[in-house]
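> Below is the structure I would like to discuss, written out as structure tokens.
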Amino acid sequence: MLRSTKERFFQAALYEVIGLAILTPAYSFALGLPLDNSFVTMAWISAVVVVWSAVYNTVFDRLLLKWTGLAAHQKTLPLRLLHASLYEVTITIFAVPIIAFMSGKGWLVAFLADLAFTAVYFVYTYVFYLVYDWARPVRQRGAD
């Protein structure tokens, strides 16, 4: 009862497209950068995150199923909060160097920008996966 690789990449791409639409203008305004620079920065982060998202969610869901017997769409509130928290922490590792390089700002500014992203994305991640799991529940193989 796991999502297919194709489904994972669709899920990750949808997550990133919506996230880009939300965050790019805010990032541009907050750091005083041109919108095109902000879009390229966010696009780079998104490209990394699309790949990481598929890997992270597959590993998380396999461990969830192994340790609890629950499928992805059966996550409890505490498990959803853990899922979103761990996801955002791991994204910081990828995002801060990209932000520092693309913005020309220092590591502290990049880290603080990422903290702001994390706050927004924490809520967004929780809501996105809740809605996604409701709209596209995991199906047993052969049930389609």
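Residues are referred to by chain and number: the chain letter is A, B, ... according to the order shown in the structure tokens, the number counts from 1 in that chain, and ligands are numbered separately from 1 in the order shown.
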List the spatial neighbours of Tyr129 of chain A as a ChimeraX atom specification - criterion: any atom at most 12 Å away, only C-alpha atoms, same-chain residues fewer than 5 positions off excluded.

/A:8,11-12,14-15,53,57,72-75,77,79-81,83-84,87,121-124,134-137

> If you keep C-alpha atoms, can you produce a file of those selected residues as a PDB file, in the first residue's frame?


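Listing of result.pdb after writing:
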ATOM      1  CA  ARG A   8       5.456  10.363  -6.048  1.00  0.00           C
ATOM      2  CA  GLN A  11       2.920  14.712  -5.938  1.00  0.00           C
ATOM      3  CA  ALA A  12       6.331  16.381  -5.577  1.00  0.00           C
ATOM      4  CA  LEU A  14       2.471  19.670  -7.727  1.00  0.00           C
ATOM      5  CA  TYR A  15       3.770  20.528  -4.256  1.00  0.00           C
ATOM      6  CA  SER A  53      10.565  14.894  -1.771  1.00  0.00           C
ATOM      7  CA  ASN A  57       8.257  10.486   1.281  1.00  0.00           C
ATOM      8  CA  ALA A  72       0.437   7.290   4.018  1.00  0.00           C
ATOM      9  CA  HIS A  73      -3.166   8.479   3.977  1.00  0.00           C
ATOM     10  CA  GLN A  74      -3.733   7.027   7.468  1.00  0.00           C
ATOM     11  CA  LYS A  75      -1.227   9.275   9.275  1.00  0.00           C
ATOM     12  CA  LEU A  77      -2.009  14.239  13.610  1.00  0.00           C
ATOM     13  CA  LEU A  79       2.616  11.563  12.576  1.00  0.00           C
ATOM     14  CA  ARG A  80       1.675  14.361  10.149  1.00  0.00           C
ATOM     15  CA  LEU A  81       3.433  16.900  12.363  1.00  0.00           C
ATOM     16  CA  HIS A  83       6.427  14.142   8.780  1.00  0.00           C
ATOM     17  CA  ALA A  84       6.257  17.880   8.060  1.00  0.00           C
ATOM     18  CA  TYR A  87      10.844  17.226   5.911  1.00  0.00           C
ATOM     19  CA  TYR A 121       6.303  25.699   4.259  1.00  0.00           C
ATOM     20  CA  PHE A 122       5.644  23.929   7.557  1.00  0.00           C
ATOM     21  CA  VAL A 123       2.015  25.014   7.420  1.00  0.00           C
ATOM     22  CA  TYR A 124       1.869  24.537   3.653  1.00  0.00           C
ATOM     23  CA  TRP A 134      -7.679  12.963   1.086  1.00  0.00           C
ATOM     24  CA  ALA A 135      -7.990  13.634  -2.650  1.00  0.00           C
ATOM     25  CA  ARG A 136      -5.729  10.767  -3.764  1.00  0.00           C
ATOM     26  CA  PRO A 137      -5.760   7.999  -1.126  1.00  0.00           C
TER      27      PRO A 137
END

> Quick one: distance from atom CA of Val120 of chain A to atom CA of Val17 of chain A in Å, one decimal?

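So the two atoms, atom CA of Val120 of chain A and atom CA of Val17 of chain A, lie 14.8 Å apart.
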
> Interatomic distance between atom CA of Val89 of chain A and atom CA of Leu64 of chain A?

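Atom-to-atom, atom CA of Val89 of chain A and atom CA of Leu64 of chain A are spaced 18.4 Å apart.
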
> If you count only C-alpha atoms, which residues fall within 10 Å of Val96 of chain A, apart from same-chain ones fewer than 6 positions away, as a PyMOL selection string?

chain A and resi 45+106-115

> Hey, can you check how far atom CA of Phe117 of chain A sits from atom CA of Lys105 of chain A?

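Result for atom CA of Phe117 of chain A versus atom CA of Lys105 of chain A: 15.9 Å, one decimal.
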
> Set the distance at 12 Å and use only C-alpha atoms: which residues neighbour Val48 of chain A once local chain neighbours fewer than 2 positions away are removed? I'd like the list as a PyMOL selection string.

chain A and resi 12-13+16+41-46+50-56+90-95+97-98

> For a quick check of understanding, using only C-alpha atoms, which of A:Ala71, A:Ile99, A:Leu86, A:Val138 has the smallest distance to Tyr126 of chain A?

A:Leu86

> Excluding Asn37 of chain A and residues on its chain fewer than 6 positions from it, collect all residues at most 10 Å away from it, counting only C-alpha atoms, and give them as a compact mmCIF listing (two decimals) with all heavy atoms, in the first residue's frame.


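That gives us part29.txt:
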# COMPACT_ATOMS: atom_id res chain seq x y z
N THR A 24 7.82 32.78 -4.13
CA THR A 24 8.72 33.61 -4.94
C THR A 24 8.50 35.11 -4.76
O THR A 24 9.46 35.84 -4.50
CB THR A 24 8.63 33.21 -6.43
OG1 THR A 24 9.04 31.84 -6.56
CG2 THR A 24 9.53 34.07 -7.30
N TYR A 27 9.72 36.18 -1.23
CA TYR A 27 11.18 36.14 -1.14
C TYR A 27 11.79 37.36 -1.82
O TYR A 27 12.68 38.02 -1.27
CB TYR A 27 11.69 34.84 -1.76
CG TYR A 27 13.19 34.74 -1.87
CD1 TYR A 27 13.96 34.43 -0.76
CD2 TYR A 27 13.84 34.93 -3.09
CE1 TYR A 27 15.35 34.32 -0.86
CE2 TYR A 27 15.21 34.82 -3.19
CZ TYR A 27 15.97 34.52 -2.08
OH TYR A 27 17.32 34.42 -2.18
N SER A 28 11.32 37.68 -3.00
CA SER A 28 11.81 38.83 -3.75
C SER A 28 11.65 40.12 -2.94
O SER A 28 12.58 40.91 -2.82
CB SER A 28 11.05 38.93 -5.07
OG SER A 28 11.43 40.09 -5.77
N ALA A 43 13.47 28.22 -8.09
CA ALA A 43 13.42 27.10 -9.04
C ALA A 43 14.53 26.09 -8.74
O ALA A 43 14.31 24.88 -8.82
CB ALA A 43 13.52 27.61 -10.48
N MET A 102 22.92 32.35 -4.56
CA MET A 102 22.10 33.08 -5.53
C MET A 102 21.79 34.51 -5.10
O MET A 102 21.63 35.39 -5.94
CB MET A 102 20.79 32.32 -5.78
CG MET A 102 20.97 30.98 -6.47
SD MET A 102 21.66 31.09 -8.13
CE MET A 102 20.35 31.95 -8.98
N SER A 103 21.67 34.75 -3.80
CA SER A 103 21.31 36.09 -3.34
C SER A 103 22.52 36.99 -3.14
O SER A 103 22.40 38.21 -3.09
CB SER A 103 20.53 36.01 -2.02
OG SER A 103 21.38 35.61 -0.96

> My list of candidates is A:Ser85, A:Leu63, A:Thr58, A:Phe101. Which is closest to Thr5 of chain A when distances are computed with only C-alpha atoms?

A:Thr58
